[in-house]
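Chemist: Quick one, work-v5.txt (compact mmCIF, C-alpha atoms and all ligand atoms):
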```txt
# COMPACT_ATOMS: atom_id res chain seq x y z
CA MET A 437 136.73 131.70 112.81
CA ASP A 438 133.53 133.68 112.23
CA ILE A 439 130.63 133.40 114.66
CA LEU A 440 127.25 134.13 113.10
CA LYS A 441 124.11 134.42 115.17
CA THR A 442 121.46 135.32 112.62
CA LYS A 443 120.14 133.40 109.64
CA ALA A 444 120.72 136.44 107.42
CA ASP A 445 124.39 136.71 108.43
CA MET A 446 124.96 132.97 107.95
CA GLN A 447 123.28 132.97 104.54
CA ALA A 448 125.26 136.03 103.47
CA TRP A 449 128.52 134.39 104.65
CA SER A 450 127.81 131.20 102.70
CA ALA A 451 126.63 133.11 99.62
CA ALA A 452 129.86 135.17 99.63
CA LYS A 453 131.98 131.99 99.88
CA LYS A 454 130.05 130.38 97.04
CA LYS A 455 130.49 133.49 94.92
CA GLN A 456 134.25 133.04 95.41
CA GLY A 457 133.88 129.45 94.11
CA LYS A 458 134.39 127.90 97.55
CA THR A 459 132.74 124.70 98.78
CA ILE A 460 131.31 124.18 102.27
CA SER A 461 131.34 121.17 104.62
CA PHE A 462 128.79 121.31 107.42
CA VAL A 463 128.48 119.56 110.80
CA PRO A 464 125.17 120.34 112.58
CA THR A 465 125.22 119.78 116.37
CA MET A 466 123.40 120.66 119.55
CA GLY A 467 126.71 121.60 121.18
CA TYR A 468 128.50 120.17 124.23
CA LEU A 469 131.02 118.82 121.76
CA HIS A 470 132.99 115.65 122.41
CA LYS A 471 135.43 113.54 120.38
CA GLY A 472 132.55 112.13 118.34
CA HIS A 473 131.69 115.61 117.04
CA VAL A 474 135.36 116.41 116.50
CA SER A 475 135.69 113.27 114.36
CA LEU A 476 132.85 114.59 112.15
CA LEU A 477 134.65 117.92 111.80
CA GLU A 478 137.81 116.00 110.86
CA ILE A 479 135.89 114.20 108.11
CA GLY A 480 134.48 117.48 106.78
CA LYS A 481 137.67 119.54 106.91
CA PRO A 482 139.55 118.08 103.90
CA LEU A 483 136.40 117.75 101.80
CA SER A 484 135.70 121.45 101.26
CA ASP A 485 137.28 124.90 101.38
CA GLU A 486 135.11 125.97 104.32
CA LEU A 487 133.98 124.08 107.43
CA VAL A 488 130.81 125.23 109.19
CA LEU A 489 129.61 124.01 112.59
CA SER A 490 126.15 124.81 113.91
CA ILE A 491 125.28 124.74 117.59
CA PHE A 492 121.55 124.84 118.29
CA VAL A 493 119.58 122.86 120.86
CA ASN A 494 116.52 122.33 118.73
CA PRO A 495 113.36 122.42 120.88
CA THR A 496 111.11 120.82 118.23
CA GLN A 497 112.92 117.47 118.44
CA PHE A 498 112.29 117.05 122.19
CA GLY A 499 109.03 115.60 123.57
CA PRO A 500 107.29 117.21 126.57
CA ASN A 501 108.96 114.95 129.18
CA GLU A 502 112.43 114.87 127.62
CA ASP A 503 115.66 116.62 128.60
CA LEU A 504 115.41 119.89 126.62
CA ASP A 505 115.83 122.12 129.69
CA ALA A 506 118.64 119.99 131.13
CA TYR A 507 120.56 119.56 127.86
CA PRO A 508 124.23 120.20 128.72
CA SER A 509 125.96 123.25 127.28
CA ASN A 510 129.48 124.71 127.29
CA ILE A 511 129.69 127.14 124.40
CA GLN A 512 133.20 128.38 125.20
CA ASN A 513 134.58 124.84 125.15
CA ASP A 514 132.67 124.15 121.91
CA LEU A 515 134.20 127.24 120.29
CA ASP A 516 137.69 126.22 121.44
CA LEU A 517 137.27 122.72 119.98
CA ALA A 518 135.82 124.18 116.78
CA GLN A 519 138.80 126.50 116.41
CA GLN A 520 141.24 123.62 116.95
CA ALA A 521 139.41 121.52 114.35
CA GLY A 522 139.75 124.23 111.72
CA VAL A 523 136.12 125.36 111.65
CA THR A 524 135.84 128.56 109.60
CA ALA A 525 132.34 129.59 110.74
CA VAL A 526 130.06 128.71 113.63
CA PHE A 527 126.32 129.25 113.27
CA LEU A 528 124.99 129.93 116.75
CA PRO A 529 121.35 131.04 116.55
CA ASP A 530 118.92 131.29 119.44
CA LYS A 531 115.45 129.76 119.55
CA ASN A 532 113.62 132.90 118.40
CA GLU A 533 115.97 133.28 115.46
CA MET A 534 115.14 129.74 114.26
CA TYR A 535 111.42 129.65 115.11
CA GLY A 536 109.57 132.96 115.05
CA PRO A 537 106.17 133.35 116.74
CA ASP A 538 104.30 132.55 113.49
CA TYR A 539 106.32 129.41 112.72
CA GLN A 540 104.05 126.70 111.28
CA THR A 541 105.90 124.50 108.79
CA HIS A 542 107.11 120.99 109.62
CA VAL A 543 108.90 118.33 107.59
CA SER A 544 107.73 114.77 108.19
CA LEU A 545 108.56 111.35 106.75
CA ASP A 546 106.01 108.57 106.36
CA HIS A 547 107.86 105.42 107.40
CA LEU A 548 111.38 105.66 108.85
CA PRO A 549 110.33 107.56 112.02
CA GLN A 550 107.86 104.82 112.96
CA TYR A 551 110.59 102.42 114.03
CA LEU A 552 113.25 102.20 116.78
CA CYS A 553 113.55 105.53 118.67
CA GLY A 554 110.49 106.92 116.88
CA ARG A 555 108.20 104.62 118.90
CA SER A 556 109.04 106.25 122.22
CA ARG A 557 109.97 109.65 120.74
CA PRO A 558 107.05 110.37 118.39
CA VAL A 559 107.91 114.02 117.67
CA HIS A 560 111.67 113.57 117.49
CA PHE A 561 112.38 112.85 113.82
CA GLY A 562 109.89 115.42 112.53
CA GLY A 563 111.76 117.98 114.63
CA VAL A 564 115.12 116.78 113.31
CA ALA A 565 113.96 116.77 109.67
CA THR A 566 112.52 120.27 110.08
CA VAL A 567 115.56 121.84 111.71
CA VAL A 568 118.02 120.12 109.36
CA THR A 569 116.01 121.38 106.36
CA LYS A 570 116.21 124.89 107.79
CA LEU A 571 119.94 124.54 108.55
CA PHE A 572 120.61 123.28 105.02
CA ASN A 573 118.78 126.30 103.57
CA ILE A 574 120.67 128.67 105.85
CA VAL A 575 124.20 127.18 105.58
CA MET A 576 123.86 125.96 101.97
CA PRO A 577 126.54 123.26 102.33
CA ASP A 578 127.91 120.98 99.63
CA VAL A 579 128.58 118.16 102.12
CA ALA A 580 127.05 117.45 105.54
CA ILE A 581 128.36 114.96 108.07
CA PHE A 582 126.26 113.13 110.68
CA GLY A 583 127.30 110.48 113.21
CA LYS A 584 126.31 106.84 112.76
CA LYS A 585 125.50 106.57 116.47
CA ASP A 586 122.19 108.21 115.52
CA PHE A 587 121.72 105.62 112.77
CA GLN A 588 118.00 106.33 112.41
CA GLN A 589 118.62 110.08 112.20
CA LEU A 590 121.17 109.49 109.44
CA ALA A 591 118.66 107.29 107.58
CA VAL A 592 115.95 109.96 107.95
CA ILE A 593 118.28 112.67 106.64
CA ARG A 594 119.48 110.59 103.68
CA GLN A 595 115.86 109.88 102.74
CA MET A 596 114.83 113.50 103.16
CA VAL A 597 117.74 114.71 101.03
CA GLU A 598 116.72 112.28 98.29
CA ASP A 599 112.99 113.04 98.52
CA LEU A 600 113.33 116.84 98.70
CA ASP A 601 116.14 117.01 96.10
CA PHE A 602 118.74 118.71 98.26
CA ASN A 603 121.97 118.92 96.29
CA ILE A 604 124.01 117.96 99.37
CA ARG A 605 126.26 114.92 99.85
CA ILE A 606 125.54 113.20 103.17
CA ILE A 607 128.36 111.35 104.93
CA GLY A 608 128.03 109.10 107.99
CA GLY A 609 130.87 109.23 110.54
CA GLU A 610 131.77 106.12 112.53
CA ILE A 611 130.76 105.83 116.19
CA ILE A 612 133.54 107.06 118.51
CA ARG A 613 133.76 105.09 121.74
CA GLU A 614 135.31 105.47 125.17
CA LYS A 615 138.03 102.94 126.03
CA ASP A 616 135.49 100.58 127.63
CA GLY A 617 133.21 100.70 124.57
CA LEU A 618 130.61 103.28 125.64
CA ALA A 619 129.57 105.30 122.58
CA MET A 620 130.40 108.98 123.09
CA SER A 621 127.34 111.16 123.63
CA SER A 622 126.63 114.54 125.18
CA ARG A 623 124.07 112.72 127.35
CA ASN A 624 126.83 110.67 129.03
CA ALA A 625 127.36 113.85 131.07
CA TYR A 626 124.23 113.04 133.12
CA LEU A 627 125.65 109.70 134.37
CA THR A 628 126.71 109.36 138.00
CA PRO A 629 129.86 107.24 138.49
CA GLU A 630 127.70 104.18 139.32
CA GLN A 631 125.51 104.70 136.27
CA ARG A 632 128.59 105.28 134.12
CA ALA A 633 129.80 101.82 135.17
CA SER A 634 126.46 100.33 134.03
CA ALA A 635 126.47 102.26 130.74
CA VAL A 636 128.93 99.78 129.19
CA CYS A 637 125.99 97.35 129.01
CA LEU A 638 124.95 98.63 125.57
CA SER A 639 128.23 98.04 123.73
CA GLN A 640 128.74 94.78 125.64
CA ALA A 641 125.23 93.59 124.69
CA ILE A 642 126.06 94.33 121.05
CA ARG A 643 129.25 92.29 121.41
CA LEU A 644 127.25 89.45 122.99
CA LEU A 645 124.73 89.53 120.13
CA LYS A 646 127.54 89.39 117.57
CA GLN A 647 129.05 86.39 119.38
CA LYS A 648 125.68 84.58 119.43
CA VAL A 649 125.20 85.22 115.72
CA ALA A 650 128.75 83.96 115.06
CA GLN A 651 127.80 80.80 116.99
CA GLY A 652 124.93 80.27 114.54
CA ILE A 653 121.90 81.67 116.40
CA ARG A 654 119.55 83.31 113.88
CA SER A 655 116.28 83.67 115.80
CA VAL A 656 115.80 87.36 116.57
CA PRO A 657 113.38 86.82 119.52
CA ASP A 658 115.97 84.50 121.13
CA LEU A 659 118.77 87.01 120.56
CA ILE A 660 116.72 89.88 121.98
CA ARG A 661 115.83 87.84 125.09
CA GLU A 662 119.52 87.15 125.73
CA ALA A 663 120.53 90.79 125.22
CA GLU A 664 117.70 92.10 127.41
CA ALA A 665 118.55 89.74 130.30
CA PHE A 666 122.19 90.79 129.97
CA ILE A 667 121.40 94.51 130.10
CA LEU A 668 118.99 94.14 133.01
CA SER A 669 121.75 92.40 135.00
CA PHE A 670 123.36 95.88 135.28
CA ASP A 671 122.11 98.31 137.95
CA HIS A 672 120.08 101.42 137.00
CA THR A 673 119.07 100.07 133.57
CA ARG A 674 115.68 100.02 131.84
CA VAL A 675 115.44 98.77 128.27
CA ASP A 676 113.51 101.04 125.92
CA TYR A 677 114.07 98.75 122.94
CA ILE A 678 116.47 96.21 121.48
CA GLU A 679 115.77 95.51 117.83
CA LEU A 680 117.27 93.74 114.88
CA CYS A 681 116.11 95.28 111.64
CA ASP A 682 116.76 95.93 107.98
CA PRO A 683 119.39 98.72 107.85
CA LYS A 684 117.68 100.45 104.90
CA THR A 685 113.97 100.32 105.82
CA LEU A 686 114.48 99.86 109.61
CA GLU A 687 111.68 97.25 109.54
CA PRO A 688 112.18 94.59 112.24
CA VAL A 689 113.34 91.16 111.06
CA GLU A 690 112.50 87.78 112.61
CA THR A 691 115.71 86.02 111.58
CA VAL A 692 119.18 87.47 111.10
CA GLN A 693 119.69 88.54 107.46
CA ALA A 694 122.90 88.92 105.41
CA GLU A 695 123.04 92.50 106.70
CA THR A 696 121.15 93.29 109.90
CA LEU A 697 121.20 96.39 112.06
CA VAL A 698 121.15 95.81 115.79
CA ALA A 699 119.96 98.94 117.57
CA MET A 700 119.06 99.62 121.17
CA ALA A 701 118.03 102.38 123.56
CA VAL A 702 118.53 101.90 127.28
CA GLN A 703 117.64 104.29 130.06
CA VAL A 704 120.58 104.40 132.49
CA GLY A 705 119.62 106.64 135.38
CA LYS A 706 118.51 109.92 133.79
CA SER A 707 120.29 109.28 130.47
CA ARG A 708 118.60 107.58 127.58
CA LEU A 709 121.55 106.01 125.75
CA ILE A 710 121.53 104.54 122.26
CA ASP A 711 123.94 102.32 120.38
CA ASN A 712 123.93 100.23 117.22
CA ALA A 713 126.05 98.07 114.95
CA LEU A 714 125.73 96.29 111.64
CA ILE A 715 125.92 92.51 111.74
CA GLU A 716 127.12 91.08 108.44
CA LEU A 717 126.95 87.35 107.85
CA ALA A 718 130.16 86.08 106.30
O1 LIG B 801 122.37 115.03 116.10
C1 LIG B 801 122.11 116.15 116.57
O2 LIG B 801 122.88 116.72 117.33
C2 LIG B 801 120.81 116.82 116.21
O3 LIG B 801 119.77 115.90 116.11
C3 LIG B 801 120.89 117.68 114.94
C4 LIG B 801 121.22 116.86 113.71
C5 LIG B 801 121.95 118.76 115.13
C6 LIG B 801 119.55 118.38 114.68
O4 LIG B 801 119.19 119.19 115.76
```
Show this structure as structure tokens.
Modeler:
Amino acid sequence: MDILKTKADMQAWSAAKKKQGKTISFVPTMGYLHKGHVSLLEIGKPLSDELVLSIFVNPTQFGPNEDLDAYPSNIQNDLDLAQQAGVTAVFLPDKNEMYGPDYQTHVSLDHLPQYLCGRSRPVHFGGVATVVTKLFNIVMPDVAIFGKKDFQQLAVIRQMVEDLDFNIRIIGGEIIREKDGLAMSSRNAYLTPEQRASAVCLSQAIRLLKQKVAQGIRSVPDLIREAEAFILSFDHTRVDYIELCDPKTLEPVETVQAETLVAMAVQVGKSRLIDNALIELA
């Protein structure tokens, strides 16, 4: 497994592979890998000759009061997991390598970032779109895999790939959950044991919403009220948002549609946790 720390080395590596007729699968991450990331690597592995992982905690996608400085890291463990998953190259740049002192270009989308997480994280999706554009230009993959836990991020990237004509196939990997339903996330590492017990509220609220829809409730305000009361019955929780929306445009809906995305962000102690699911009417 090659470890490349500069953009020039990574680009040269990918160019050499392409010259040999090889294809590249790519999983971009911010490190502190867990089974969710590994599942994305497992999707990418059989799709191409080469499997590239990037580890970069991207400062431009964090707002001023977010957890950039506290973001968990364990590079040695990440490299071990990467090796086991059959990664052939790891791109591991530092901040100065990715954003020089004269850096001034940003990628932004008009609509998708206005909804869901974008409301409380106004700079987040611009930062994601910018760094993913850069990573795509550096790694030059044929296929890139992103987790569906970050549903809005996946939507932003799909849109960006279409709008900017990247010749890259984007694949969404299913959410990987702990036994009790908590969606795996690097940010779960911040939870104290008490907060960890409360963190099941997100997946359980989604289950509750699905049950209510199955019972025939279609009013979104009523469903949100129920889910919010349920979540607030757990200690250490503060609801950022619970929304039901169109899965393509992310625009909120007033009544449950044939296909509706339920998405939520809940602050549990210091961790801002997100979860989502598609509700499909039979
Ligand atoms: O999902 C993540 O880990 C990050 O947002 C990404 C896609 C690696 C961009 O920094």
Chemist: Which residues, written as a PyMOL selection string, have at least one atom at most 12 Å from Asp505 (chain A), with all atoms listed in the file counted and residues fewer than 6 positions away on the same chain left out?
Modeler: chain A and resi 493-495+498-499
Chemist: List the spatial neighbours of Ala625 (chain A) as a list in words - criterion: any atom at most 10 Å away, all atoms listed in the file, same-chain residues fewer than 2 positions off excluded.
Modeler: Tyr468, Tyr507, Pro508, Met620, Ser621, Ser622, Arg623, Leu627, Thr628, Arg632 and Ser707 of chain A
Chemist: Determine the nearest neighbour of Pro558 (chain A) from the options A:Asn532, A:Thr524, A:Gln595, A:Gln497, counting all atoms listed in the file.
Modeler: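 When distances to Pro558 (chain A) are compared using all atoms listed in the file, the smallest one comes from A:Gln497.
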Chemist: Using all atoms listed in the file, which of A:Leu440, A:Val568, A:Ala580, A:Ile710 sits nearest ligand LIG 801 (chain B)?
Modeler: A:Val568
Chemist: Enumerate as a PyMOL selection string the residues within 7 Å of ligand LIG 801 (chain B), counting all atoms listed in the file.
Modeler: chain A and resi 464-466+492-494+564+567-568+582+586
Chemist: Rebuild N, CA, C and O atoms on region 648-674 of chain A, as an mmCIF file, keeping the file's coordinate frame?
Modeler:
```
data_model
loop_
_atom_site.group_PDB
_atom_site.id
_atom_site.type_symbol
_atom_site.label_atom_id
_atom_site.label_comp_id
_atom_site.auth_asym_id
_atom_site.auth_seq_id
_atom_site.Cartn_x
_atom_site.Cartn_y
_atom_site.Cartn_z
ATOM 1 N N LYS A 648 126.756 85.586 119.582
ATOM 2 C CA LYS A 648 125.680 84.580 119.430
ATOM 3 C C LYS A 648 125.410 84.332 117.951
ATOM 4 O O LYS A 648 125.200 83.188 117.549
ATOM 5 N N VAL A 649 125.428 85.397 117.157
ATOM 6 C CA VAL A 649 125.200 85.220 115.720
ATOM 7 C C VAL A 649 126.359 84.404 115.118
ATOM 8 O O VAL A 649 126.148 83.494 114.320
ATOM 9 N N ALA A 650 127.578 84.710 115.568
ATOM 10 C CA ALA A 650 128.750 83.960 115.060
ATOM 11 C C ALA A 650 128.649 82.475 115.441
ATOM 12 O O ALA A 650 129.128 81.606 114.720
ATOM 13 N N GLN A 651 127.973 82.206 116.580
ATOM 14 C CA GLN A 651 127.800 80.800 116.990
ATOM 15 C C GLN A 651 126.663 80.122 116.233
ATOM 16 O O GLN A 651 126.380 78.948 116.451
ATOM 17 N N GLY A 652 125.951 80.878 115.404
ATOM 18 C CA GLY A 652 124.930 80.270 114.540
ATOM 19 C C GLY A 652 123.502 80.582 114.945
ATOM 20 O O GLY A 652 122.565 80.125 114.287
ATOM 21 N N ILE A 653 123.285 81.342 116.011
ATOM 22 C CA ILE A 653 121.900 81.670 116.400
ATOM 23 C C ILE A 653 121.344 82.686 115.408
ATOM 24 O O ILE A 653 121.966 83.714 115.133
ATOM 25 N N ARG A 654 120.158 82.427 114.876
ATOM 26 C CA ARG A 654 119.550 83.310 113.880
ATOM 27 C C ARG A 654 118.188 83.844 114.305
ATOM 28 O O ARG A 654 117.635 84.734 113.660
ATOM 29 N N SER A 655 117.623 83.249 115.377
ATOM 30 C CA SER A 655 116.280 83.670 115.800
ATOM 31 C C SER A 655 116.364 85.010 116.533
ATOM 32 O O SER A 655 116.982 85.133 117.596
ATOM 33 N N VAL A 656 115.721 86.020 115.975
ATOM 34 C CA VAL A 656 115.800 87.360 116.570
ATOM 35 C C VAL A 656 115.137 87.400 117.962
ATOM 36 O O VAL A 656 115.724 87.965 118.893
ATOM 37 N N PRO A 657 113.940 86.795 118.154
ATOM 38 C CA PRO A 657 113.380 86.820 119.520
ATOM 39 C C PRO A 657 114.333 86.211 120.551
ATOM 40 O O PRO A 657 114.489 86.751 121.656
ATOM 41 N N ASP A 658 115.022 85.120 120.189
ATOM 42 C CA ASP A 658 115.970 84.500 121.130
ATOM 43 C C ASP A 658 117.137 85.450 121.429
ATOM 44 O O ASP A 658 117.552 85.608 122.580
ATOM 45 N N LEU A 659 117.635 86.095 120.374
ATOM 46 C CA LEU A 659 118.770 87.010 120.560
ATOM 47 C C LEU A 659 118.377 88.199 121.435
ATOM 48 O O LEU A 659 119.124 88.609 122.325
ATOM 49 N N ILE A 660 117.166 88.716 121.196
ATOM 50 C CA ILE A 660 116.720 89.880 121.980
ATOM 51 C C ILE A 660 116.547 89.494 123.448
ATOM 52 O O ILE A 660 116.931 90.253 124.345
ATOM 53 N N ARG A 661 115.990 88.303 123.684
ATOM 54 C CA ARG A 661 115.830 87.840 125.090
ATOM 55 C C ARG A 661 117.171 87.809 125.804
ATOM 56 O O ARG A 661 117.309 88.271 126.930
ATOM 57 N N GLU A 662 118.163 87.251 125.124
ATOM 58 C CA GLU A 662 119.520 87.150 125.730
ATOM 59 C C GLU A 662 120.073 88.542 126.035
ATOM 60 O O GLU A 662 120.610 88.797 127.104
ATOM 61 N N ALA A 663 119.955 89.448 125.058
ATOM 62 C CA ALA A 663 120.530 90.790 125.220
ATOM 63 C C ALA A 663 119.808 91.551 126.327
ATOM 64 O O ALA A 663 120.440 92.254 127.132
ATOM 65 N N GLU A 664 118.483 91.376 126.398
ATOM 66 C CA GLU A 664 117.700 92.100 127.410
ATOM 67 C C GLU A 664 118.086 91.615 128.815
ATOM 68 O O GLU A 664 118.315 92.431 129.720
ATOM 69 N N ALA A 665 118.181 90.292 128.981
ATOM 70 C CA ALA A 665 118.550 89.740 130.300
ATOM 71 C C ALA A 665 119.942 90.254 130.686
ATOM 72 O O ALA A 665 120.203 90.608 131.844
ATOM 73 N N PHE A 666 120.838 90.306 129.701
ATOM 74 C CA PHE A 666 122.190 90.790 129.970
ATOM 75 C C PHE A 666 122.167 92.245 130.448
ATOM 76 O O PHE A 666 122.770 92.590 131.465
ATOM 77 N N ILE A 667 121.435 93.076 129.743
ATOM 78 C CA ILE A 667 121.400 94.510 130.100
ATOM 79 C C ILE A 667 120.758 94.713 131.468
ATOM 80 O O ILE A 667 121.239 95.499 132.292
ATOM 81 N N LEU A 668 119.691 93.963 131.734
ATOM 82 C CA LEU A 668 118.990 94.140 133.010
ATOM 83 C C LEU A 668 119.802 93.613 134.191
ATOM 84 O O LEU A 668 119.470 93.881 135.347
ATOM 85 N N SER A 669 120.883 92.864 133.896
ATOM 86 C CA SER A 669 121.750 92.400 135.000
ATOM 87 C C SER A 669 122.629 93.557 135.520
ATOM 88 O O SER A 669 123.292 93.422 136.539
ATOM 89 N N PHE A 670 122.618 94.688 134.810
ATOM 90 C CA PHE A 670 123.360 95.880 135.280
ATOM 91 C C PHE A 670 122.407 96.760 136.086
ATOM 92 O O PHE A 670 121.217 96.894 135.732
ATOM 93 N N ASP A 671 122.939 97.411 137.139
ATOM 94 C CA ASP A 671 122.110 98.310 137.950
ATOM 95 C C ASP A 671 121.675 99.527 137.144
ATOM 96 O O ASP A 671 122.372 99.936 136.208
ATOM 97 N N HIS A 672 120.576 100.137 137.548
ATOM 98 C CA HIS A 672 120.080 101.420 137.000
ATOM 99 C C HIS A 672 119.664 101.345 135.537
ATOM 100 O O HIS A 672 119.641 102.357 134.849
ATOM 101 N N THR A 673 119.403 100.153 135.005
ATOM 102 C CA THR A 673 119.070 100.070 133.570
ATOM 103 C C THR A 673 117.590 99.767 133.341
ATOM 104 O O THR A 673 116.978 99.013 134.106
ATOM 105 N N ARG A 674 117.034 100.355 132.303
ATOM 106 C CA ARG A 674 115.680 100.020 131.840
ATOM 107 C C ARG A 674 115.743 100.010 130.314
ATOM 108 O O ARG A 674 116.196 100.988 129.699
#
```
